[in-house]
file protein.txt (compact mmCIF, C-alpha atoms)
# COMPACT_ATOMS: atom_id res chain seq x y z
CA MET Z 1 101.80 90.41 122.03
CA ARG Z 2 99.13 88.57 120.01
CA ILE Z 3 98.29 89.65 116.48
CA GLY Z 4 95.06 91.20 117.81
CA GLU Z 5 96.96 93.61 120.04
CA LEU Z 6 99.46 94.33 117.25
CA SER Z 7 96.51 95.21 115.02
CA GLU Z 8 94.97 97.45 117.67
CA ARG Z 9 98.18 99.31 118.47
CA SER Z 10 99.17 99.80 114.83
CA GLY Z 11 95.70 100.47 113.45
CA VAL Z 12 96.37 97.89 110.72
CA ALA Z 13 93.73 95.19 110.15
CA ILE Z 14 94.72 91.58 110.95
CA PRO Z 15 94.35 90.28 107.36
CA THR Z 16 96.56 93.14 106.16
CA ILE Z 17 99.24 92.27 108.74
CA LYS Z 18 99.09 88.64 107.55
CA PHE Z 19 99.49 89.82 103.97
CA TYR Z 20 102.58 91.87 104.86
CA VAL Z 21 104.11 88.87 106.66
CA ARG Z 22 103.37 86.62 103.67
CA GLU Z 23 104.98 89.17 101.34
CA GLY Z 24 108.07 89.38 103.55
CA LEU Z 25 107.55 93.07 104.41
CA VAL Z 26 107.15 92.26 108.12
CA PRO Z 27 108.99 89.35 109.80
CA SER Z 28 106.91 86.46 111.12
CA GLY Z 29 106.00 86.38 114.79
CA LEU Z 30 107.49 83.81 117.13
CA ARG Z 31 105.27 80.72 116.85
CA THR Z 32 103.97 79.83 120.35
CA LYS Z 33 101.16 77.36 119.58
CA ALA Z 34 99.96 75.60 116.43
CA ASN Z 35 97.97 78.59 115.30
CA GLN Z 36 99.34 81.44 117.39
CA ALA Z 37 102.36 83.72 117.13
CA ASP Z 38 103.93 86.31 119.40
CA TYR Z 39 104.91 89.78 118.14
CA GLY Z 40 107.18 92.36 119.75
CA GLU Z 41 107.88 96.09 119.59
CA SER Z 42 110.12 95.53 116.56
CA HIS Z 43 107.10 94.21 114.65
CA LEU Z 44 105.08 97.27 115.58
CA ARG Z 45 107.89 99.50 114.41
CA ARG Z 46 108.31 97.64 111.13
CA LEU Z 47 104.56 97.82 110.56
CA ARG Z 48 104.67 101.61 110.91
CA LEU Z 49 107.57 101.74 108.49
CA VAL Z 50 105.72 99.62 105.92
CA ARG Z 51 102.62 101.79 106.20
CA ALA Z 52 104.69 104.93 105.72
CA LEU Z 53 106.30 103.50 102.58
CA LEU Z 54 103.03 102.22 101.09
CA GLU Z 55 100.63 104.99 102.12
CA VAL Z 56 102.64 108.17 102.43
CA GLY Z 57 105.32 107.14 99.91
CA GLN Z 58 102.79 105.44 97.62
CA LEU Z 59 105.34 102.74 96.81
CA SER Z 60 104.26 99.45 95.28
CA VAL Z 61 104.67 96.34 97.44
CA ALA Z 62 107.48 95.21 95.14
CA THR Z 63 109.41 98.47 95.57
CA ALA Z 64 108.79 98.53 99.32
CA LYS Z 65 110.28 95.02 99.53
CA ARG Z 66 113.39 96.07 97.65
CA VAL Z 67 113.79 99.16 99.79
CA ILE Z 68 113.25 97.31 103.07
CA ALA Z 69 115.93 94.81 102.06
CA VAL Z 70 118.40 97.68 102.60
CA LEU Z 71 117.68 97.41 106.34
CA ASP Z 72 119.05 93.87 106.40
CA ASP Z 73 122.28 95.02 104.82
CA PRO Z 74 122.47 98.74 105.59
CA GLY Z 75 126.02 99.54 104.53
CA GLU Z 76 128.87 100.60 106.76
CA SER Z 77 127.75 104.19 107.46
CA ALA Z 78 124.61 106.30 107.62
CA LEU Z 79 125.56 108.02 104.37
CA ARG Z 80 126.01 104.66 102.63
CA SER Z 81 122.57 103.58 103.91
CA MET Z 82 121.04 106.71 102.51
CA GLY Z 83 122.71 106.01 99.19
CA LYS Z 84 121.58 102.39 99.15
CA ALA Z 85 118.00 103.40 99.93
CA ALA Z 86 118.06 105.98 97.14
CA TYR Z 87 119.48 103.49 94.64
CA ALA Z 88 116.91 100.85 95.68
CA LEU Z 89 114.13 103.40 95.23
CA GLY Z 90 115.52 104.36 91.85
CA GLY Z 91 114.52 100.95 90.59
CA ALA Z 92 110.95 102.14 91.08
CA PHE Z 93 111.40 104.34 88.05
CA PRO Z 94 112.83 101.93 85.52
CA ALA Z 95 113.83 104.47 82.89
CA PRO Z 96 110.37 104.76 81.32
CA THR Z 97 110.24 105.47 77.61
CA PRO Z 98 107.87 108.34 77.06
CA ALA Z 99 106.26 108.54 73.64
CA GLY Z 100 108.77 109.78 71.11
CA ALA Z 101 111.63 109.21 73.52
CA ASP Z 102 113.45 107.08 70.97
CA VAL Z 103 114.31 110.37 69.28
CA VAL Z 104 114.64 112.60 72.32
CA ALA Z 105 116.14 110.35 74.99
CA PRO Z 106 119.81 110.28 73.93
CA ASP Z 107 119.78 114.05 73.97
CA ALA Z 108 118.05 114.04 77.38
CA ALA Z 109 120.76 111.84 78.90
CA THR Z 110 123.39 114.26 77.60
CA ARG Z 111 121.51 117.21 79.09
CA VAL Z 112 121.52 115.43 82.46
CA ASP Z 113 125.26 114.72 82.21
CA ASP Z 114 125.88 118.36 81.35
CA LEU Z 115 123.80 119.61 84.25
CA ILE Z 116 125.60 117.38 86.74
CA GLU Z 117 128.97 118.51 85.41
CA ARG Z 118 127.97 122.17 85.34
CA HIS Z 119 127.10 122.03 89.02
CA GLY Z 120 130.29 120.14 89.85
CA TRP Z 121 128.42 117.26 91.45
CA ALA Z 122 130.27 113.97 91.97
CA VAL Z 123 127.61 111.42 90.99
CA GLY Z 124 128.32 107.80 90.04
CA PRO Z 125 127.25 106.60 86.61
CA GLY Z 126 125.03 103.97 88.25
CA ASN Z 127 122.81 106.42 90.15
CA PRO Z 128 119.30 105.56 88.90
CA ALA Z 129 118.19 109.15 89.38
CA ARG Z 130 120.10 109.95 86.17
CA ALA Z 131 117.62 107.91 84.13
CA GLN Z 132 114.69 109.28 86.15
CA LEU Z 133 115.73 112.84 85.40
CA ALA Z 134 116.41 112.04 81.73
CA ALA Z 135 112.90 110.60 81.43
CA ALA Z 136 111.41 113.78 82.92
CA VAL Z 137 113.51 115.92 80.57
CA ALA Z 138 112.54 113.83 77.53
CA ALA Z 139 108.85 114.05 78.43
CA ALA Z 140 109.05 117.82 78.93
CA GLU Z 141 110.77 118.24 75.56
CA ALA Z 142 108.36 115.95 73.71
CA LEU Z 143 105.50 118.08 75.06
CA GLY Z 144 106.96 121.40 74.01
CA LEU Z 145 108.30 122.42 77.39
CA GLY Z 146 111.83 122.88 76.13
CA ASP Z 147 111.99 126.33 77.72
CA ALA Z 148 111.27 124.79 81.13
CA LEU Z 149 114.56 122.96 80.93
CA GLY Z 150 116.48 126.22 80.99
CA LEU Z 151 115.04 126.65 84.47
CA LEU Z 152 116.30 123.27 85.63
CA ASP Z 153 119.50 124.83 86.98
CA ARG Z 154 117.47 126.72 89.55
CA TYR Z 155 115.71 123.48 90.45
CA ALA Z 156 119.14 121.91 90.88
CA GLU Z 157 120.24 124.67 93.27
CA ALA Z 158 117.14 124.14 95.40
CA ALA Z 159 117.74 120.37 95.32
CA TYR Z 160 121.27 120.89 96.58
CA ALA Z 161 120.02 122.94 99.53
CA ILE Z 162 117.61 120.12 100.38
CA ALA Z 163 120.29 117.45 100.04
CA GLU Z 164 122.42 119.34 102.56
CA VAL Z 165 119.55 119.10 105.04
CA ASP Z 166 119.17 115.38 104.28
CA VAL Z 167 122.85 114.67 104.82
CA GLU Z 168 122.89 116.63 108.09
CA LEU Z 169 120.03 114.45 109.23
CA ALA Z 170 121.90 111.30 108.22
CA LEU Z 171 124.89 112.42 110.24
CA SER Z 172 122.93 113.24 113.39
CA PRO Z 173 123.75 110.81 116.20
CA ALA Z 174 121.99 107.43 116.04
CA THR Z 175 123.01 103.78 115.99
CA LEU Z 176 123.84 102.45 112.53
CA GLU Z 177 120.69 100.34 112.46
CA GLU Z 178 118.55 103.28 113.54
CA SER Z 179 120.08 105.62 111.05
CA ALA Z 180 119.54 103.19 108.15
CA GLU Z 181 115.86 103.13 109.02
CA ARG Z 182 115.72 106.89 109.52
CA MET Z 183 117.24 107.61 106.14
CA LEU Z 184 115.00 105.09 104.43
CA VAL Z 185 111.92 106.77 105.85
CA TRP Z 186 113.17 110.26 105.22
CA THR Z 187 114.18 109.54 101.63
CA VAL Z 188 110.61 108.45 100.86
CA VAL Z 189 108.66 110.75 103.17
CA GLY Z 190 110.87 113.73 102.26
CA ASP Z 191 109.87 113.40 98.60
CA ARG Z 192 106.21 113.66 99.55
CA ALA Z 193 106.84 116.53 101.92
CA MET Z 194 108.75 118.35 99.19
CA SER Z 195 106.02 117.87 96.58
CA ALA Z 196 103.39 119.07 99.09
CA LEU Z 197 105.49 122.12 100.01
CA ARG Z 198 105.96 122.90 96.32
CA ARG Z 199 102.18 122.99 95.79
CA LEU Z 200 101.63 125.13 98.87
CA ALA Z 201 104.37 127.53 97.80
CA GLN Z 202 103.01 127.62 94.23
CA GLU Z 203 99.72 128.90 95.58
CA ALA Z 204 101.49 131.44 97.80
CA VAL Z 205 103.60 132.75 94.89
CA ALA Z 206 100.62 132.76 92.50
CA VAL Z 207 98.47 134.73 94.94
CA LYS Z 208 101.21 137.34 95.18
CA ARG Z 209 101.33 137.72 91.39
CA MET Z 210 97.57 137.88 90.83
CA MET J 1 95.91 109.26 60.13
CA ARG J 2 94.93 105.66 60.80
CA ILE J 3 95.46 104.12 64.23
CA GLY J 4 98.45 102.20 62.82
CA GLU J 5 100.28 105.41 61.97
CA LEU J 6 99.31 106.97 65.30
CA SER J 7 100.81 103.94 67.01
CA GLU J 8 103.99 104.16 64.98
CA ARG J 9 104.50 107.89 65.51
CA SER J 10 103.73 107.76 69.24
CA GLY J 11 105.45 104.47 70.00
CA VAL J 12 102.29 103.32 71.81
CA ALA J 13 100.87 99.89 70.89
CA ILE J 14 97.43 99.84 69.20
CA PRO J 15 95.65 97.93 72.01
CA THR J 16 97.03 100.46 74.52
CA ILE J 17 95.72 103.36 72.43
CA LYS J 18 92.31 101.66 72.31
CA PHE J 19 92.41 101.25 76.09
CA TYR J 20 93.15 104.96 76.59
CA VAL J 21 90.25 105.88 74.28
CA ARG J 22 87.91 103.53 76.14
CA GLU J 23 89.02 105.06 79.47
CA GLY J 24 88.41 108.57 78.15
CA LEU J 25 92.06 109.61 78.45
CA VAL J 26 92.33 110.18 74.69
CA PRO J 27 89.37 111.37 72.58
CA SER J 28 87.96 108.99 69.98
CA GLY J 29 89.06 109.35 66.38
CA LEU J 30 86.68 110.54 63.69
CA ARG J 31 84.83 107.46 62.46
CA THR J 32 85.31 107.12 58.68
CA LYS J 33 84.12 103.57 58.00
CA ALA J 34 82.35 100.90 60.05
CA ASN J 35 85.58 99.77 61.65
CA GLN J 36 87.99 102.63 60.95
CA ALA J 37 88.70 105.98 62.57
CA ASP J 38 90.83 108.96 61.67
CA TYR J 39 93.23 110.57 64.16
CA GLY J 40 94.93 113.96 64.00
CA GLU J 41 97.91 115.78 65.50
CA SER J 42 95.85 116.60 68.58
CA HIS J 43 95.49 112.88 69.28
CA LEU J 44 99.24 112.40 68.98
CA ARG J 45 99.79 115.26 71.39
CA ARG J 46 97.27 113.96 73.91
CA LEU J 47 98.84 110.52 73.69
CA ARG J 48 102.21 111.99 74.62
CA LEU J 49 100.62 113.82 77.52
CA VAL J 50 98.94 110.65 78.80
CA ARG J 51 102.21 108.72 78.58
CA ALA J 52 104.02 111.43 80.49
CA LEU J 53 101.42 111.38 83.26
CA LEU J 54 101.32 107.59 83.54
CA GLU J 55 104.97 106.71 82.97
CA VAL J 56 107.02 109.66 84.14
CA GLY J 57 104.49 110.89 86.71
CA GLN J 58 103.52 107.35 87.73
CA LEU J 59 99.90 108.45 88.13
CA SER J 60 97.11 105.89 88.23
CA VAL J 61 94.65 105.91 85.32
CA ALA J 62 91.99 107.30 87.69
CA THR J 63 94.17 110.23 88.76
CA ALA J 64 95.30 110.89 85.18
CA LYS J 65 91.62 111.12 84.17
CA ARG J 66 90.87 113.64 86.91
CA VAL J 67 93.92 115.70 86.03
CA ILE J 68 93.20 115.65 82.28
CA ALA J 69 89.67 116.87 83.00
CA VAL J 70 91.31 120.19 83.95
CA LEU J 71 92.17 120.66 80.25
CA ASP J 72 88.47 120.71 79.34
CA ASP J 73 87.85 123.46 81.87
CA PRO J 74 91.22 125.10 82.40
CA GLY J 75 90.25 128.17 84.42
CA GLU J 76 90.53 131.76 83.29
CA SER J 77 94.31 132.18 83.56
CA ALA J 78 97.49 130.16 83.42
CA LEU J 79 97.95 130.53 87.18
CA ARG J 80 94.41 129.26 87.80
CA SER J 81 95.12 126.26 85.55
CA MET J 82 98.21 125.49 87.51
CA GLY J 83 96.21 125.67 90.72
CA LYS J 84 93.46 123.46 89.33
CA ALA J 85 95.98 120.87 88.18
CA ALA J 86 97.66 120.90 91.60
CA TYR J 87 94.33 120.52 93.41
CA ALA J 88 93.26 117.70 91.06
CA LEU J 89 96.56 115.94 91.70
CA GLY J 90 96.14 116.41 95.42
CA GLY J 91 93.25 114.00 95.27
CA ALA J 92 95.87 111.37 94.45
CA PHE J 93 96.99 111.52 98.06
CA PRO J 94 93.73 111.21 99.97
CA ALA J 95 95.03 112.09 103.40
CA PRO J 96 96.38 108.63 104.19
CA THR J 97 96.27 107.56 107.82
CA PRO J 98 99.68 106.22 108.72
CA ALA J 99 99.83 103.79 111.60
CA GLY J 100 99.39 105.60 114.88
CA ALA J 101 98.22 108.72 113.08
CA ASP J 102 95.04 108.82 115.15
CA VAL J 103 97.24 110.15 117.94
CA VAL J 104 99.73 112.15 115.90
CA ALA J 105 97.66 113.57 113.05
CA PRO J 106 95.85 116.47 114.79
CA ASP J 107 99.22 117.72 115.95
CA ALA J 108 100.63 117.27 112.43
CA ALA J 109 97.89 119.43 110.91
CA THR J 110 98.69 122.16 113.43
CA ARG J 111 102.38 121.94 112.60
CA VAL J 112 101.53 122.44 108.92
CA ASP J 113 99.32 125.45 109.71
CA ASP J 114 102.12 126.94 111.81
CA LEU J 115 104.69 126.41 109.09
CA ILE J 116 102.50 128.07 106.45
CA GLU J 117 101.85 131.01 108.76
CA ARG J 118 105.51 131.32 109.79
CA HIS J 119 106.51 131.68 106.14
CA GLY J 120 103.71 134.14 105.47
CA TRP J 121 102.23 132.03 102.67
CA ALA J 122 98.68 132.75 101.54
CA VAL J 123 97.30 129.23 101.06
CA GLY J 124 93.59 128.35 100.93
CA PRO J 125 92.24 125.90 103.50
CA GLY J 126 91.15 123.59 100.65
CA ASN J 127 94.62 123.05 99.22
CA PRO J 128 95.02 119.24 99.35
CA ALA J 129 98.77 119.59 99.81
CA ARG J 130 98.04 120.53 103.44
CA ALA J 131 96.80 117.00 104.15
CA GLN J 132 99.62 115.50 102.10
CA LEU J 133 102.21 117.38 104.13
CA ALA J 134 100.45 116.55 107.42
CA ALA J 135 100.54 112.84 106.49
CA ALA J 136 104.28 113.07 105.81
CA VAL J 137 104.83 114.89 109.11
CA ALA J 138 102.74 112.35 111.06
CA ALA J 139 104.62 109.43 109.50
CA ALA J 140 107.98 111.03 110.28
CA GLU J 141 106.94 111.61 113.89
CA ALA J 142 105.51 108.12 114.37
CA LEU J 143 108.84 106.72 113.17
CA GLY J 144 110.98 108.77 115.53
CA LEU J 145 112.05 111.40 113.02
CA GLY J 146 110.74 114.28 115.11
CA ASP J 147 114.08 116.06 114.77
CA ALA J 148 113.73 116.00 110.98
CA LEU J 149 110.72 118.26 111.25
CA GLY J 150 112.84 121.08 112.65
CA LEU J 151 114.56 121.04 109.27
CA LEU J 152 111.28 121.42 107.39
CA ASP J 153 111.64 125.20 107.31
CA ARG J 154 114.70 124.84 105.11
CA TYR J 155 112.74 122.50 102.87
CA ALA J 156 110.04 125.16 102.70
CA GLU J 157 112.53 127.82 101.61
CA ALA J 158 113.78 125.56 98.81
CA ALA J 159 110.18 124.82 97.81
CA TYR J 160 109.46 128.52 97.55
CA ALA J 161 112.42 129.03 95.22
CA ILE J 162 111.08 126.23 93.02
CA ALA J 163 107.55 127.60 93.05
CA GLU J 164 108.88 130.93 91.79
CA VAL J 165 110.38 129.10 88.81
CA ASP J 166 107.07 127.29 88.24
CA VAL J 167 105.04 130.48 88.29
CA GLU J 168 107.47 132.20 85.90
CA LEU J 169 106.94 129.31 83.55
CA ALA J 170 103.17 129.59 83.89
CA LEU J 171 103.35 133.26 83.01
CA SER J 172 105.56 132.79 79.95
CA PRO J 173 103.67 133.63 76.75
CA ALA J 174 101.36 130.89 75.45
CA THR J 175 97.71 130.55 74.53
CA LEU J 176 95.46 129.75 77.47
CA GLU J 177 94.84 126.23 76.20
CA GLU J 178 98.54 125.66 75.69
CA SER J 179 99.48 127.00 79.07
CA ALA J 180 96.92 124.79 80.86
CA GLU J 181 98.56 121.79 79.25
CA ARG J 182 102.06 123.08 79.97
CA MET J 183 101.34 123.58 83.64
CA LEU J 184 99.67 120.20 83.93
CA VAL J 185 102.72 118.49 82.49
CA TRP J 186 105.17 120.56 84.46
CA THR J 187 103.38 120.06 87.77
CA VAL J 188 103.68 116.29 87.36
CA VAL J 189 107.02 116.06 85.56
CA GLY J 190 108.56 118.72 87.81
CA ASP J 191 107.91 116.56 90.88
CA ARG J 192 109.82 113.69 89.30
CA ALA J 193 112.62 115.97 88.17
CA MET J 194 112.86 117.39 91.68
CA SER J 195 113.01 113.98 93.35
CA ALA J 196 115.69 112.85 90.87
CA LEU J 197 117.72 116.02 91.44
CA ARG J 198 117.43 115.51 95.20
CA ARG J 199 118.95 112.03 94.91
CA LEU J 200 121.73 113.23 92.63
CA ALA J 201 122.51 116.11 94.97
CA GLN J 202 122.40 113.80 98.01
CA GLU J 203 125.16 111.75 96.46
CA ALA J 204 127.16 114.85 95.60
CA VAL J 205 126.86 116.24 99.15
CA ALA J 206 127.57 112.83 100.74
CA VAL J 207 130.72 112.34 98.65
CA LYS J 208 131.97 115.72 99.83
CA ARG J 209 131.47 114.76 103.48
CA MET J 210 133.01 111.28 103.26

call {"tool": "encode", "arguments": {"input": "protein.txt", "output": "structure tokens"}}
result
Amino acid sequence: MRIGELSERSGVAIPTIKFYVREGLVPSGLRTKANQADYGESHLRRLRLVRALLEVGQLSVATAKRVIAVLDDPGESALRSMGKAAYALGGAFPAPTPAGADVVAPDAATRVDDLIERHGWAVGPGNPARAQLAAAVAAAEALGLGDALGLLDRYAEAAYAIAEVDVELALSPATLEESAERMLVWTVVGDRAMSALRRLAQEAVAVKRM
Amino acid sequence: MRIGELSERSGVAIPTIKFYVREGLVPSGLRTKANQADYGESHLRRLRLVRALLEVGQLSVATAKRVIAVLDDPGESALRSMGKAAYALGGAFPAPTPAGADVVAPDAATRVDDLIERHGWAVGPGNPARAQLAAAVAAAEALGLGDALGLLDRYAEAAYAIAEVDVELALSPATLEESAERMLVWTVVGDRAMSALRRLAQEAVAVKRM
């Protein structure tokens, strides 16, 4: 199809599609004439994926590029693809240094190690979520929310229940290429769904207590 | 204290502090001389809060401003503050329209309504997390993850367990001003902690299945 039809079917404006192609988020169309290219269903699909990452997942273009690169080299199983997507996303949170973290951070990293050990989770030292969690812990401590951290174990239990759902989904039948894409989308979209559900449930629990 | 000391104690560069003051994220210091201002412990505290929102929470400056405005008008109870913070944050996800959502979105909103009803949650129609969840659902459907949505009920159960922790925290003893700030921080930082825990747990579950 021409870029005009691609734009119509995807709901993405032509200049935006051109920007995505320039940035390497969407592959180029097949050049047919000097100034014309042909796009297929795979372009439409990729365009939907990119929109989901940027709009629903609120990723930066740079992070979306890194995450999409996983699709070109998905790993030898659906679980590995999920892991690669998660690690690629982790780079989006480059161990920020919250104010005062120079003092608090070493302690925060230890707290994270302890929590992982306490729950008996096998997690590689390179998992970027370690630093992400340590940053959250350091920020909570620096702001006087030390008591919140005692509740983190219950968060961890809930997270484990969710991860079991995620892994089931990864293992549901699909081609390897499909399942890499599925897990990429679900890793990002699932975070948003979870944060939305948390806010809905907060209101439900609060109403009950009022 | 002078701005130099504030910078040293907070670990935030002087030009960055000046930017936050200009943007209204941090109140101005008390002017002492023509070109000198005095800052107190409350400035240090606010600076830490702003850093947590921007760095750990990855909020935009515009969203951070809207969320911080809740502190000036926190609501009459800790639970109300939590709700106000959540609603203010919701604006950060202005019901994006993923590609193809014109077809899928009405159905997605219904799915969200059904889910809330099925779990017996009392949630106001104005809760912005409804649109956030509908956007995630629409994106998942548009990308062929329809089967994932059947698993959303288990996500919802986990979210409820987390919300109970959050509300307990909101109700723990603190002055009203303190607790508004606590809930603001925890709403944002808790999302990051949850997403990090999900990725850690995913690895732990995946390792078990491999």

call {"tool": "interface_residues", "arguments": {"input": "protein.txt", "of": "chain J", "to": "chain Z", "cutoff": "7 Å", "atoms": "all atoms listed in the file", "output": "mmCIF file with C-alpha atoms, keeping the file's coordinate frame"}}
result
data_model
loop_
_atom_site.group_PDB
_atom_site.id
_atom_site.type_symbol
_atom_site.label_atom_id
_atom_site.label_comp_id
_atom_site.auth_asym_id
_atom_site.auth_seq_id
_atom_site.Cartn_x
_atom_site.Cartn_y
_atom_site.Cartn_z
ATOM 1 C CA SER J 10 103.730 107.760 69.240
ATOM 2 C CA GLY J 11 105.450 104.470 70.000
ATOM 3 C CA VAL J 12 102.290 103.320 71.810
ATOM 4 C CA ARG J 48 102.210 111.990 74.620
ATOM 5 C CA LEU J 49 100.620 113.820 77.520
ATOM 6 C CA ARG J 51 102.210 108.720 78.580
ATOM 7 C CA ALA J 52 104.020 111.430 80.490
ATOM 8 C CA GLU J 55 104.970 106.710 82.970
ATOM 9 C CA VAL J 56 107.020 109.660 84.140
ATOM 10 C CA LEU J 79 97.950 130.530 87.180
ATOM 11 C CA GLY J 83 96.210 125.670 90.720
ATOM 12 C CA ALA J 86 97.660 120.900 91.600
ATOM 13 C CA PRO J 96 96.380 108.630 104.190
ATOM 14 C CA PRO J 98 99.680 106.220 108.720
ATOM 15 C CA ALA J 99 99.830 103.790 111.600
ATOM 16 C CA GLY J 100 99.390 105.600 114.880
ATOM 17 C CA TRP J 121 102.230 132.030 102.670
ATOM 18 C CA ALA J 122 98.680 132.750 101.540
ATOM 19 C CA VAL J 123 97.300 129.230 101.060
ATOM 20 C CA ALA J 129 98.770 119.590 99.810
ATOM 21 C CA GLN J 132 99.620 115.500 102.100
ATOM 22 C CA LEU J 133 102.210 117.380 104.130
ATOM 23 C CA ALA J 135 100.540 112.840 106.490
ATOM 24 C CA ALA J 136 104.280 113.070 105.810
ATOM 25 C CA ALA J 139 104.620 109.430 109.500
ATOM 26 C CA LEU J 143 108.840 106.720 113.170
ATOM 27 C CA LEU J 145 112.050 111.400 113.020
ATOM 28 C CA ALA J 148 113.730 116.000 110.980
ATOM 29 C CA LEU J 151 114.560 121.040 109.270
ATOM 30 C CA TYR J 155 112.740 122.500 102.870
ATOM 31 C CA ALA J 156 110.040 125.160 102.700
ATOM 32 C CA ALA J 158 113.780 125.560 98.810
ATOM 33 C CA ALA J 159 110.180 124.820 97.810
ATOM 34 C CA TYR J 160 109.460 128.520 97.550
ATOM 35 C CA ALA J 161 112.420 129.030 95.220
ATOM 36 C CA ILE J 162 111.080 126.230 93.020
ATOM 37 C CA ALA J 163 107.550 127.600 93.050
ATOM 38 C CA GLU J 164 108.880 130.930 91.790
ATOM 39 C CA VAL J 165 110.380 129.100 88.810
ATOM 40 C CA VAL J 167 105.040 130.480 88.290
ATOM 41 C CA LEU J 169 106.940 129.310 83.550
ATOM 42 C CA ARG J 182 102.060 123.080 79.970
ATOM 43 C CA VAL J 189 107.020 116.060 85.560
ATOM 44 C CA ASP J 191 107.910 116.560 90.880
ATOM 45 C CA ARG J 192 109.820 113.690 89.300
ATOM 46 C CA ALA J 193 112.620 115.970 88.170
ATOM 47 C CA MET J 194 112.860 117.390 91.680
ATOM 48 C CA SER J 195 113.010 113.980 93.350
ATOM 49 C CA ALA J 196 115.690 112.850 90.870
ATOM 50 C CA LEU J 197 117.720 116.020 91.440
ATOM 51 C CA ARG J 198 117.430 115.510 95.200
ATOM 52 C CA ARG J 199 118.950 112.030 94.910
ATOM 53 C CA LEU J 200 121.730 113.230 92.630
ATOM 54 C CA ALA J 201 122.510 116.110 94.970
ATOM 55 C CA GLN J 202 122.400 113.800 98.010
ATOM 56 C CA GLU J 203 125.160 111.750 96.460
ATOM 57 C CA ALA J 204 127.160 114.850 95.600
ATOM 58 C CA VAL J 205 126.860 116.240 99.150
ATOM 59 C CA ALA J 206 127.570 112.830 100.740
ATOM 60 C CA VAL J 207 130.720 112.340 98.650
#

call {"tool": "atom_distance", "arguments": {"input": "protein.txt", "atom1": "atom CA of Z:Lys84", "atom2": "atom CA of Z:Val67"}}
result
8.5 Å

call {"tool": "atom_distance", "arguments": {"input": "protein.txt", "atom1": "atom CA of J:Pro125", "atom2": "atom CA of J:Thr110"}}
result
12.4 Å

call {"tool": "atom_distance", "arguments": {"input": "protein.txt", "atom1": "atom CA of J:His43", "atom2": "atom CA of J:Pro27"}}
result
7.1 Å

call {"tool": "closest_residue", "arguments": {"input": "protein.txt", "among": "J:Val70, J:Ser179, J:Ala108, J:Arg2", "to": "J:Asn35", "atoms": "only C-alpha atoms"}}
result
J:Arg2

call {"tool": "decode", "arguments": {"input": "protein.txt", "residues": "stretch 47-74 of chain Z", "atoms": "C-alpha atoms", "output": "compact mmCIF listing (two decimals), in the first residue's frame"}}
result
# COMPACT_ATOMS: atom_id res chain seq x y z
CA LEU Z 47 3.39 1.06 13.47
CA ARG Z 48 0.82 -0.14 16.03
CA LEU Z 49 3.61 -1.54 18.16
CA VAL Z 50 5.54 1.75 18.06
CA ARG Z 51 2.44 3.72 19.00
CA ALA Z 52 1.76 1.40 21.92
CA LEU Z 53 5.32 1.82 23.20
CA LEU Z 54 5.37 5.61 22.79
CA GLU Z 55 1.80 6.50 23.77
CA VAL Z 56 0.60 3.85 26.17
CA GLY Z 57 4.07 2.97 27.50
CA GLN Z 58 5.23 6.60 27.42
CA LEU Z 59 8.70 5.47 26.36
CA SER Z 60 11.16 7.92 24.83
CA VAL Z 61 12.08 7.35 21.17
CA ALA Z 62 15.56 6.28 22.30
CA THR Z 63 14.19 3.63 24.67
CA ALA Z 64 11.64 2.43 22.12
CA LYS Z 65 14.50 1.93 19.63
CA ARG Z 66 16.49 -0.12 22.11
CA VAL Z 67 13.46 -2.22 23.00
CA ILE Z 68 12.45 -2.80 19.37
CA ALA Z 69 15.98 -4.00 18.62
CA VAL Z 70 15.07 -7.07 20.71
CA LEU Z 71 12.69 -8.10 17.91
CA ASP Z 72 15.60 -8.41 15.49
CA ASP Z 73 17.40 -10.74 17.86
CA PRO Z 74 14.68 -12.17 20.08
